[in-house]
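**Q** Starting off with a structure, shown below.
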Amino acid sequence: MKPFDPVALATPAFVLLVIAEMLFVRFTGRGRFEAKDTAASLMMGFGSTIMGTAFAFIFLGFAKLIQPYALFHIGWSWPAAIACFVLDDLRYFWWHRASHRVRWLWADHVNHHSSQHYNLSTALRQPWGGFLALPGLMFLAPLVLIGFPLPMIAFVHGINLVYQFWIHTESIGRFPKWFEAVMNTPSHHRVHHAVNARYLDANYAGVFIVWDRMFGTFVAERDDDKPRYGIVGQIGSFNPLRIAAHGWVSLGSDLWRARSLKHAALYLFAAPGWSPDGSRETSDSIKARWAAAQPAMPAPVPAIGTVPVPGTAAVQSPAE
Amino acid sequence: MLLYLAGSLIGVAAIVALAGWLFGWRDAALDAERVAQALAREVPGFRAGRASPDTRAVLIEDARDGAVYLAVARGDGLVTRKLARGLGVARDGGTLTIRLRDFTLRRAHLQLADADYWEARLKGLAP
């Protein structure tokens with residue numbers, strides 16, 4: 001039986017919604033589009049589909065390799081599928097967090113963040129080099145080792161990706177509080193794509209924003225600090241080949257010039273921006289500098305469900 | 001499969017054409033004020049000094065430390081880079097060509113009234 005692919009099924013809806021958003025933005029001014037940026041994003045999506053299909057065997061092969069060691073053999077049922085969906089979203093949170101905090105993974109994921117725009121076409125700006133970001137494979141392992149069937153894992157992850165499409169927009173403001181408290185929304189994900197110092201490295205959630213609230217990475221969007229999108233050091237090209245390769249070229253260049261194995265390892269596994277002499281900026285250093293420049297304010301009361309963790313509390317405090 | 005790929009490419013082309021029709025293709029026109037505002041957001045404490053704009057690219061100094069930044073229009077946005085020694089700099093009359101060691105921003109051409117000043121500034125940059 002051919003596996004059911006939610007993303008393939010939803011693709012016509014993606015296309016229609018991108019067109020609908022363009023018309024909405026043109027006639028209301030709520031959001032921004034730019035033709036060359038849209039072209040780049042869509043071509044990145046096209047290339048990602050091809051590369052994903054071509055190299056799917058790596059992920060499938062890895063899953064098949066570890067599947068015999070699964071703890072249980074879980075069959076198809078709705079409760080199992082729902083549990084798999086929730087656990088896959090938790091898995092996504094940690095993979096996504098690592099993709100922002102580990103240079104090797106960021107070299108690939110940076111492509112998704114490389115647009116200075118934030119609209120539905122940005123959702124389709126997907127990287128081409130997932131097969132090179134090998135440490136990402138380990139985030140697949142827990143669900144397989146628990147014993148969920150591989151087609152179920154693929155299915156619920158497809159649903160997860162479909163959900164994440166519609167949150168890439170400036171055309172939708174905020175939802176009622178109960179919804180914003182539990183679900184990832186356009187407002188929360190705008191923060192994730194923003195380069196404003198207070199918003200860096202926040203809101204990694206896929207479907208449920210509760211993971212960010214639980215693990216201390218949640219930052220709320222503020223009306224007095226409108227998100228600016230893209231990456232620190234915006235890219236200067238709309239060429240999809242350059243966009244797809246730029247993170248890898250930059251990483252390769254640093255590895256080539258590394259003066260020791262330790263430096264090479266740190267270029268691979270430390271945060272993006274790490275350098276041996278500290279001459280470059282990481283998101284932590286940007287946030288620390290920004291926090292130091294803020295006027296002193298009383299310590300905030302954490303929001304319910306928000307657990308400050310080292311490295312984020314100092315940055316979030318003045319912003320709350 | 002080939003049919004699927006061809007259909008996808010036609011779909012992409014149609015959406016891009018619609019985006020071009022609705023929002024245009026031209027790069028934004030830059031001016032020194034817009035660039036200074038962008039740099040003030042990106043570089044803590046940045047104070048705009050001498051600037052030499054054309055509408056597609058701007059060279060601007062940080063009045064605090066003399067650092068030189070390049071801003072280039074890309075679509076309706078702009079891309080900035082702090083310039084350092086090691087650039088390729090060539091001048092032909094009022095046209096300054098800057099070659100950067102940057103995979104996504106390889107060169108910039110500027111039409112400048114004071115190209116000789118900027119050529120000297122860029123050739124004398126700190127590492």
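In the structure tokens, chains take letters A, B, ... by order of appearance, with residues numbered from 1 within each chain and ligands from 1 in the order shown.
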Select all residues from chain B having any atom no more than 9 Å from an atom of chain A (counting only C-alpha atoms, ignoring ligands), output as a PyMOL selection string.
**A** chain B and resi 5+8-9+11-13+15-26+41-42+44+72-81+102-106
**Q** What would the file look like if the residues just selected were written as a short mmCIF file (atom, residue, chain, number, x, y, z; two decimals), in the first residue's frame with N, CA, C and O atoms?
**A**
```
data_model
loop_
_atom_site.label_atom_id
_atom_site.label_comp_id
_atom_site.auth_asym_id
_atom_site.auth_seq_id
_atom_site.Cartn_x
_atom_site.Cartn_y
_atom_site.Cartn_z
N LEU B 5 7.23 17.04 -11.82
CA LEU B 5 8.23 18.11 -11.70
C LEU B 5 7.91 19.27 -12.64
O LEU B 5 8.00 20.44 -12.25
N SER B 8 5.05 21.21 -11.29
CA SER B 8 5.48 22.03 -10.14
C SER B 8 6.19 23.29 -10.61
O SER B 8 5.94 24.39 -10.09
N LEU B 9 7.08 23.13 -11.61
CA LEU B 9 7.81 24.30 -12.10
C LEU B 9 6.87 25.31 -12.76
O LEU B 9 7.04 26.53 -12.60
N GLY B 11 3.76 25.73 -11.96
CA GLY B 11 3.06 26.35 -10.83
C GLY B 11 3.91 27.43 -10.18
O GLY B 11 3.42 28.53 -9.89
N VAL B 12 5.19 27.12 -9.96
CA VAL B 12 6.10 28.11 -9.36
C VAL B 12 6.19 29.34 -10.25
O VAL B 12 6.07 30.49 -9.77
N ALA B 13 6.35 29.12 -11.55
CA ALA B 13 6.48 30.25 -12.48
C ALA B 13 5.22 31.11 -12.46
O ALA B 13 5.30 32.36 -12.50
N ILE B 15 3.04 31.50 -9.97
CA ILE B 15 2.95 32.26 -8.71
C ILE B 15 3.94 33.42 -8.71
O ILE B 15 3.62 34.54 -8.29
N VAL B 16 5.15 33.16 -9.22
CA VAL B 16 6.16 34.22 -9.26
C VAL B 16 5.72 35.35 -10.20
O VAL B 16 5.88 36.54 -9.89
N ALA B 17 5.13 34.97 -11.33
CA ALA B 17 4.64 35.99 -12.26
C ALA B 17 3.55 36.84 -11.59
O ALA B 17 3.54 38.07 -11.72
N LEU B 18 2.68 36.19 -10.84
CA LEU B 18 1.63 36.92 -10.14
C LEU B 18 2.24 37.85 -9.09
O LEU B 18 1.82 39.01 -8.95
N ALA B 19 3.25 37.34 -8.36
CA ALA B 19 3.92 38.17 -7.36
C ALA B 19 4.59 39.38 -8.02
O ALA B 19 4.52 40.50 -7.50
N GLY B 20 5.21 39.16 -9.19
CA GLY B 20 5.84 40.27 -9.91
C GLY B 20 4.81 41.30 -10.34
O GLY B 20 5.05 42.51 -10.26
N TRP B 21 3.68 40.82 -10.79
CA TRP B 21 2.61 41.73 -11.24
C TRP B 21 2.04 42.52 -10.07
O TRP B 21 1.78 43.72 -10.17
N LEU B 22 1.87 41.85 -8.93
CA LEU B 22 1.25 42.51 -7.78
C LEU B 22 2.22 43.42 -7.02
O LEU B 22 1.83 44.47 -6.51
N PHE B 23 3.50 43.00 -6.94
CA PHE B 23 4.42 43.71 -6.05
C PHE B 23 5.64 44.28 -6.75
O PHE B 23 6.42 45.00 -6.14
N GLY B 24 5.83 43.94 -8.04
CA GLY B 24 6.95 44.53 -8.77
C GLY B 24 8.25 43.78 -8.59
O GLY B 24 8.38 42.93 -7.71
N TRP B 25 9.21 44.13 -9.43
CA TRP B 25 10.50 43.43 -9.45
C TRP B 25 11.66 44.31 -9.03
O TRP B 25 12.75 43.83 -8.83
N ARG B 26 11.43 45.59 -8.97
CA ARG B 26 12.57 46.49 -8.79
C ARG B 26 13.12 46.45 -7.37
O ARG B 26 12.38 46.33 -6.41
N ARG B 41 20.06 49.78 14.18
CA ARG B 41 19.40 48.62 14.78
C ARG B 41 20.36 47.44 14.91
O ARG B 41 20.30 46.66 15.84
N GLU B 42 21.28 47.32 13.93
CA GLU B 42 22.15 46.14 13.90
C GLU B 42 23.42 46.31 14.71
O GLU B 42 23.95 45.34 15.25
N PRO B 44 25.19 48.16 17.79
CA PRO B 44 24.93 48.98 18.98
C PRO B 44 25.80 50.23 18.99
O PRO B 44 27.02 50.15 18.79
N VAL B 72 23.64 47.34 0.47
CA VAL B 72 23.23 47.07 -0.91
C VAL B 72 21.74 46.74 -0.92
O VAL B 72 21.27 45.98 -0.06
N ALA B 73 21.01 47.30 -1.88
CA ALA B 73 19.59 46.98 -2.00
C ALA B 73 19.45 45.57 -2.55
O ALA B 73 20.12 45.19 -3.52
N ARG B 74 18.59 44.80 -1.92
CA ARG B 74 18.25 43.45 -2.40
C ARG B 74 16.73 43.31 -2.32
O ARG B 74 16.18 43.16 -1.24
N GLY B 75 16.08 43.38 -3.46
CA GLY B 75 14.63 43.39 -3.44
C GLY B 75 14.16 44.64 -2.73
O GLY B 75 14.71 45.73 -2.93
N ASP B 76 13.16 44.49 -1.85
CA ASP B 76 12.72 45.67 -1.10
C ASP B 76 13.45 45.77 0.24
O ASP B 76 13.11 46.60 1.07
N GLY B 77 14.45 44.91 0.44
CA GLY B 77 15.23 44.97 1.67
C GLY B 77 16.64 45.47 1.39
O GLY B 77 16.96 45.89 0.27
N LEU B 78 17.47 45.44 2.40
CA LEU B 78 18.87 45.80 2.19
C LEU B 78 19.77 44.85 2.97
O LEU B 78 19.35 44.24 3.95
N VAL B 79 20.98 44.75 2.46
CA VAL B 79 21.97 43.85 3.06
C VAL B 79 23.17 44.70 3.43
O VAL B 79 23.62 45.52 2.63
N THR B 80 23.67 44.55 4.65
CA THR B 80 24.80 45.36 5.08
C THR B 80 26.00 44.47 5.41
O THR B 80 25.84 43.32 5.81
N ARG B 81 27.18 45.01 5.21
CA ARG B 81 28.41 44.32 5.58
C ARG B 81 29.40 45.34 6.14
O ARG B 81 29.56 46.42 5.58
N ASP B 102 32.65 37.02 0.01
CA ASP B 102 31.34 36.71 0.59
C ASP B 102 30.56 35.91 -0.44
O ASP B 102 30.33 36.37 -1.56
N PHE B 103 30.14 34.73 -0.04
CA PHE B 103 29.52 33.79 -0.99
C PHE B 103 28.22 34.31 -1.58
O PHE B 103 27.84 33.97 -2.69
N THR B 104 27.47 35.11 -0.81
CA THR B 104 26.19 35.59 -1.33
C THR B 104 26.21 37.07 -1.71
O THR B 104 25.22 37.59 -2.19
N LEU B 105 27.32 37.74 -1.47
CA LEU B 105 27.44 39.15 -1.87
C LEU B 105 28.86 39.35 -2.38
O LEU B 105 29.75 39.73 -1.63
N ARG B 106 29.04 39.08 -3.64
CA ARG B 106 30.40 38.99 -4.16
C ARG B 106 30.95 40.33 -4.61
O ARG B 106 32.15 40.57 -4.51
#
```
**Q** Can you list, as a ChimeraX atom specification, all residues belonging to chain B that DSSP tags as helix (DSSP H, G or I)?
**A** /B:2-23,32-42,115-123
**Q** Would you save the residues from that selection as a compact mmCIF listing (two decimals), in the first residue's frame, using N, CA and C atoms?
**A**
```
# COMPACT_ATOMS: atom_id res chain seq x y z
N LEU B 2 8.42 12.99 -14.01
CA LEU B 2 8.80 14.16 -14.80
C LEU B 2 7.62 15.10 -14.98
N LEU B 3 6.45 14.51 -15.16
CA LEU B 3 5.24 15.31 -15.30
C LEU B 3 4.98 16.11 -14.03
N TYR B 4 5.18 15.44 -12.89
CA TYR B 4 4.98 16.10 -11.59
C TYR B 4 5.96 17.27 -11.44
N LEU B 5 7.23 17.04 -11.82
CA LEU B 5 8.23 18.11 -11.70
C LEU B 5 7.91 19.27 -12.64
N ALA B 6 7.52 18.93 -13.87
CA ALA B 6 7.20 19.98 -14.84
C ALA B 6 5.99 20.79 -14.36
N GLY B 7 4.99 20.08 -13.84
CA GLY B 7 3.81 20.77 -13.32
C GLY B 7 4.17 21.68 -12.16
N SER B 8 5.05 21.21 -11.29
CA SER B 8 5.48 22.03 -10.14
C SER B 8 6.19 23.29 -10.61
N LEU B 9 7.08 23.13 -11.61
CA LEU B 9 7.81 24.30 -12.10
C LEU B 9 6.87 25.31 -12.76
N ILE B 10 5.88 24.81 -13.49
CA ILE B 10 4.91 25.72 -14.10
C ILE B 10 4.12 26.45 -13.01
N GLY B 11 3.76 25.73 -11.96
CA GLY B 11 3.06 26.35 -10.83
C GLY B 11 3.91 27.43 -10.18
N VAL B 12 5.19 27.12 -9.96
CA VAL B 12 6.10 28.11 -9.36
C VAL B 12 6.19 29.34 -10.25
N ALA B 13 6.35 29.12 -11.55
CA ALA B 13 6.48 30.25 -12.48
C ALA B 13 5.22 31.11 -12.46
N ALA B 14 4.06 30.47 -12.39
CA ALA B 14 2.80 31.23 -12.39
C ALA B 14 2.68 32.08 -11.12
N ILE B 15 3.04 31.50 -9.97
CA ILE B 15 2.95 32.26 -8.71
C ILE B 15 3.94 33.42 -8.71
N VAL B 16 5.15 33.16 -9.22
CA VAL B 16 6.16 34.22 -9.26
C VAL B 16 5.72 35.35 -10.20
N ALA B 17 5.13 34.97 -11.33
CA ALA B 17 4.64 35.99 -12.26
C ALA B 17 3.55 36.84 -11.59
N LEU B 18 2.68 36.19 -10.84
CA LEU B 18 1.63 36.92 -10.14
C LEU B 18 2.24 37.85 -9.09
N ALA B 19 3.25 37.34 -8.36
CA ALA B 19 3.92 38.17 -7.36
C ALA B 19 4.59 39.38 -8.02
N GLY B 20 5.21 39.16 -9.19
CA GLY B 20 5.84 40.27 -9.91
C GLY B 20 4.81 41.30 -10.34
N TRP B 21 3.68 40.82 -10.79
CA TRP B 21 2.61 41.73 -11.24
C TRP B 21 2.04 42.52 -10.07
N LEU B 22 1.87 41.85 -8.93
CA LEU B 22 1.25 42.51 -7.78
C LEU B 22 2.22 43.42 -7.02
N PHE B 23 3.50 43.00 -6.94
CA PHE B 23 4.42 43.71 -6.05
C PHE B 23 5.64 44.28 -6.75
N ALA B 32 20.90 57.35 2.39
CA ALA B 32 21.79 57.24 3.56
C ALA B 32 20.99 57.15 4.86
N GLU B 33 19.85 57.84 4.92
CA GLU B 33 19.07 57.84 6.16
C GLU B 33 18.53 56.44 6.47
N ARG B 34 18.00 55.79 5.44
CA ARG B 34 17.45 54.44 5.64
C ARG B 34 18.56 53.49 6.09
N VAL B 35 19.73 53.61 5.46
CA VAL B 35 20.85 52.74 5.81
C VAL B 35 21.31 53.01 7.24
N ALA B 36 21.37 54.29 7.61
CA ALA B 36 21.80 54.64 8.97
C ALA B 36 20.83 54.06 10.00
N GLN B 37 19.53 54.11 9.68
CA GLN B 37 18.54 53.55 10.61
C GLN B 37 18.71 52.04 10.75
N ALA B 38 18.97 51.38 9.62
CA ALA B 38 19.15 49.92 9.66
C ALA B 38 20.39 49.57 10.47
N LEU B 39 21.48 50.31 10.25
CA LEU B 39 22.71 50.00 10.97
C LEU B 39 22.58 50.31 12.46
N ALA B 40 21.80 51.34 12.78
CA ALA B 40 21.60 51.67 14.20
C ALA B 40 20.90 50.51 14.91
N ARG B 41 20.06 49.78 14.18
CA ARG B 41 19.40 48.62 14.78
C ARG B 41 20.36 47.44 14.91
N GLU B 42 21.28 47.32 13.93
CA GLU B 42 22.15 46.14 13.90
C GLU B 42 23.42 46.31 14.71
N ALA B 115 34.35 59.25 -5.40
CA ALA B 115 34.87 57.88 -5.49
C ALA B 115 36.34 57.81 -5.05
N ASP B 116 37.10 58.85 -5.32
CA ASP B 116 38.52 58.82 -4.96
C ASP B 116 38.70 58.76 -3.44
N TYR B 117 37.85 59.51 -2.72
CA TYR B 117 37.91 59.48 -1.25
C TYR B 117 37.62 58.06 -0.74
N TRP B 118 36.57 57.45 -1.25
CA TRP B 118 36.17 56.12 -0.76
C TRP B 118 37.17 55.05 -1.18
N GLU B 119 37.76 55.21 -2.33
CA GLU B 119 38.79 54.25 -2.74
C GLU B 119 39.95 54.26 -1.74
N ALA B 120 40.35 55.47 -1.37
CA ALA B 120 41.45 55.58 -0.40
C ALA B 120 41.03 55.02 0.97
N ARG B 121 39.79 55.31 1.37
CA ARG B 121 39.32 54.83 2.67
C ARG B 121 39.30 53.29 2.70
N LEU B 122 38.80 52.69 1.63
CA LEU B 122 38.68 51.23 1.61
C LEU B 122 40.04 50.56 1.54
N LYS B 123 40.98 51.19 0.83
CA LYS B 123 42.31 50.59 0.73
C LYS B 123 43.10 50.75 2.03
```
**Q** Extract, using only C-alpha atoms, all DNA, RNA and protein residues at most 8 Å from Val68 (chain B), discarding same-chain residues fewer than 3 positions from it, and format them as a list in words.
**A**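 The contact residues come out as Leu59, Ile60, Glu61, Asp62, Lys82, Leu83, Ala84 and Leu122 of chain B.
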**Q** Output N, CA, C and O atoms for every residue in that selection, as a compact mmCIF listing (two decimals), in the first residue's frame.
**A**
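This is the output file part09.txt:
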```
# COMPACT_ATOMS: atom_id res chain seq x y z
N LEU B 59 27.87 53.55 0.88
CA LEU B 59 29.00 53.40 1.79
C LEU B 59 28.79 54.40 2.91
O LEU B 59 28.44 55.56 2.66
N ILE B 60 28.98 53.96 4.13
CA ILE B 60 28.73 54.86 5.26
C ILE B 60 29.73 54.57 6.37
O ILE B 60 30.08 53.41 6.62
N GLU B 61 30.20 55.63 7.00
CA GLU B 61 31.16 55.48 8.10
C GLU B 61 30.44 55.52 9.44
O GLU B 61 29.42 56.20 9.58
N ASP B 62 31.00 54.79 10.40
CA ASP B 62 30.55 54.92 11.78
C ASP B 62 31.39 56.03 12.40
O ASP B 62 32.62 55.92 12.48
N LYS B 82 30.06 44.95 7.24
CA LYS B 82 31.17 45.76 7.71
C LYS B 82 32.38 45.42 6.85
O LYS B 82 32.70 44.24 6.68
N LEU B 83 33.03 46.42 6.33
CA LEU B 83 34.15 46.18 5.41
C LEU B 83 35.47 46.14 6.18
O LEU B 83 35.66 46.87 7.14
N ALA B 84 36.33 45.26 5.73
CA ALA B 84 37.64 45.13 6.38
C ALA B 84 38.71 44.96 5.30
O ALA B 84 38.39 44.74 4.13
N LEU B 122 38.80 52.69 1.63
CA LEU B 122 38.68 51.23 1.61
C LEU B 122 40.04 50.56 1.54
O LEU B 122 40.25 49.49 2.12
```
**Q** Excluding Phe59 (chain A) and any residue of its chain fewer than 6 positions from it, enumerate the residues within 9 Å of it, using only C-alpha atoms, and give them as a list in words.
**A**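 Near Phe59 (chain A), the qualifying residues are Phe131, Leu137 and Leu140 of chain A.
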**Q** Keeping only N, CA and C atoms, write those residues as a PDB file, in the first residue's frame.
**A**
```
ATOM      1  N   PHE A 131      20.511  15.669   4.172  1.00  0.00           N
ATOM      2  CA  PHE A 131      21.325  14.443   4.185  1.00  0.00           C
ATOM      3  C   PHE A 131      22.748  14.709   4.673  1.00  0.00           C
ATOM      4  N   LEU A 137      19.916  12.879  12.575  1.00  0.00           N
ATOM      5  CA  LEU A 137      19.338  11.529  12.574  1.00  0.00           C
ATOM      6  C   LEU A 137      19.011  11.038  13.985  1.00  0.00           C
ATOM      7  N   LEU A 140      15.589  11.220  15.352  1.00  0.00           N
ATOM      8  CA  LEU A 140      14.589  10.285  14.825  1.00  0.00           C
ATOM      9  C   LEU A 140      14.525   9.022  15.689  1.00  0.00           C
TER      10      LEU A 140
END
```
**Q** In Å to one decimal, how far is CA of Asp89 (chain A) from CA of Phe208 (chain A)?
**A** 7.2 Å
**Q** Take CA of Thr282 (chain A) and CA of Ala258 (chain A) and report the distance between them in Å, one decimal.
**A**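 Atom-to-atom, CA of Thr282 (chain A) to CA of Ala258 (chain A), that is 18.1 Å.
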**Q** Which is closer to Phe93 (chain A) than all the others in A:Val219, A:Ala202, A:Leu266, A:Ala244, using only C-alpha atoms?
**A**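 Selected residue with least distance to Phe93 (chain A): A:Ala202.
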**Q** Taking into account only C-alpha atoms, which residue in the set A:Arg190, A:Ala83, A:Asp254, A:Lys287 is nearest to Ser275 (chain A)?
**A**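 Selected residue with least distance to Ser275 (chain A): A:Asp254.
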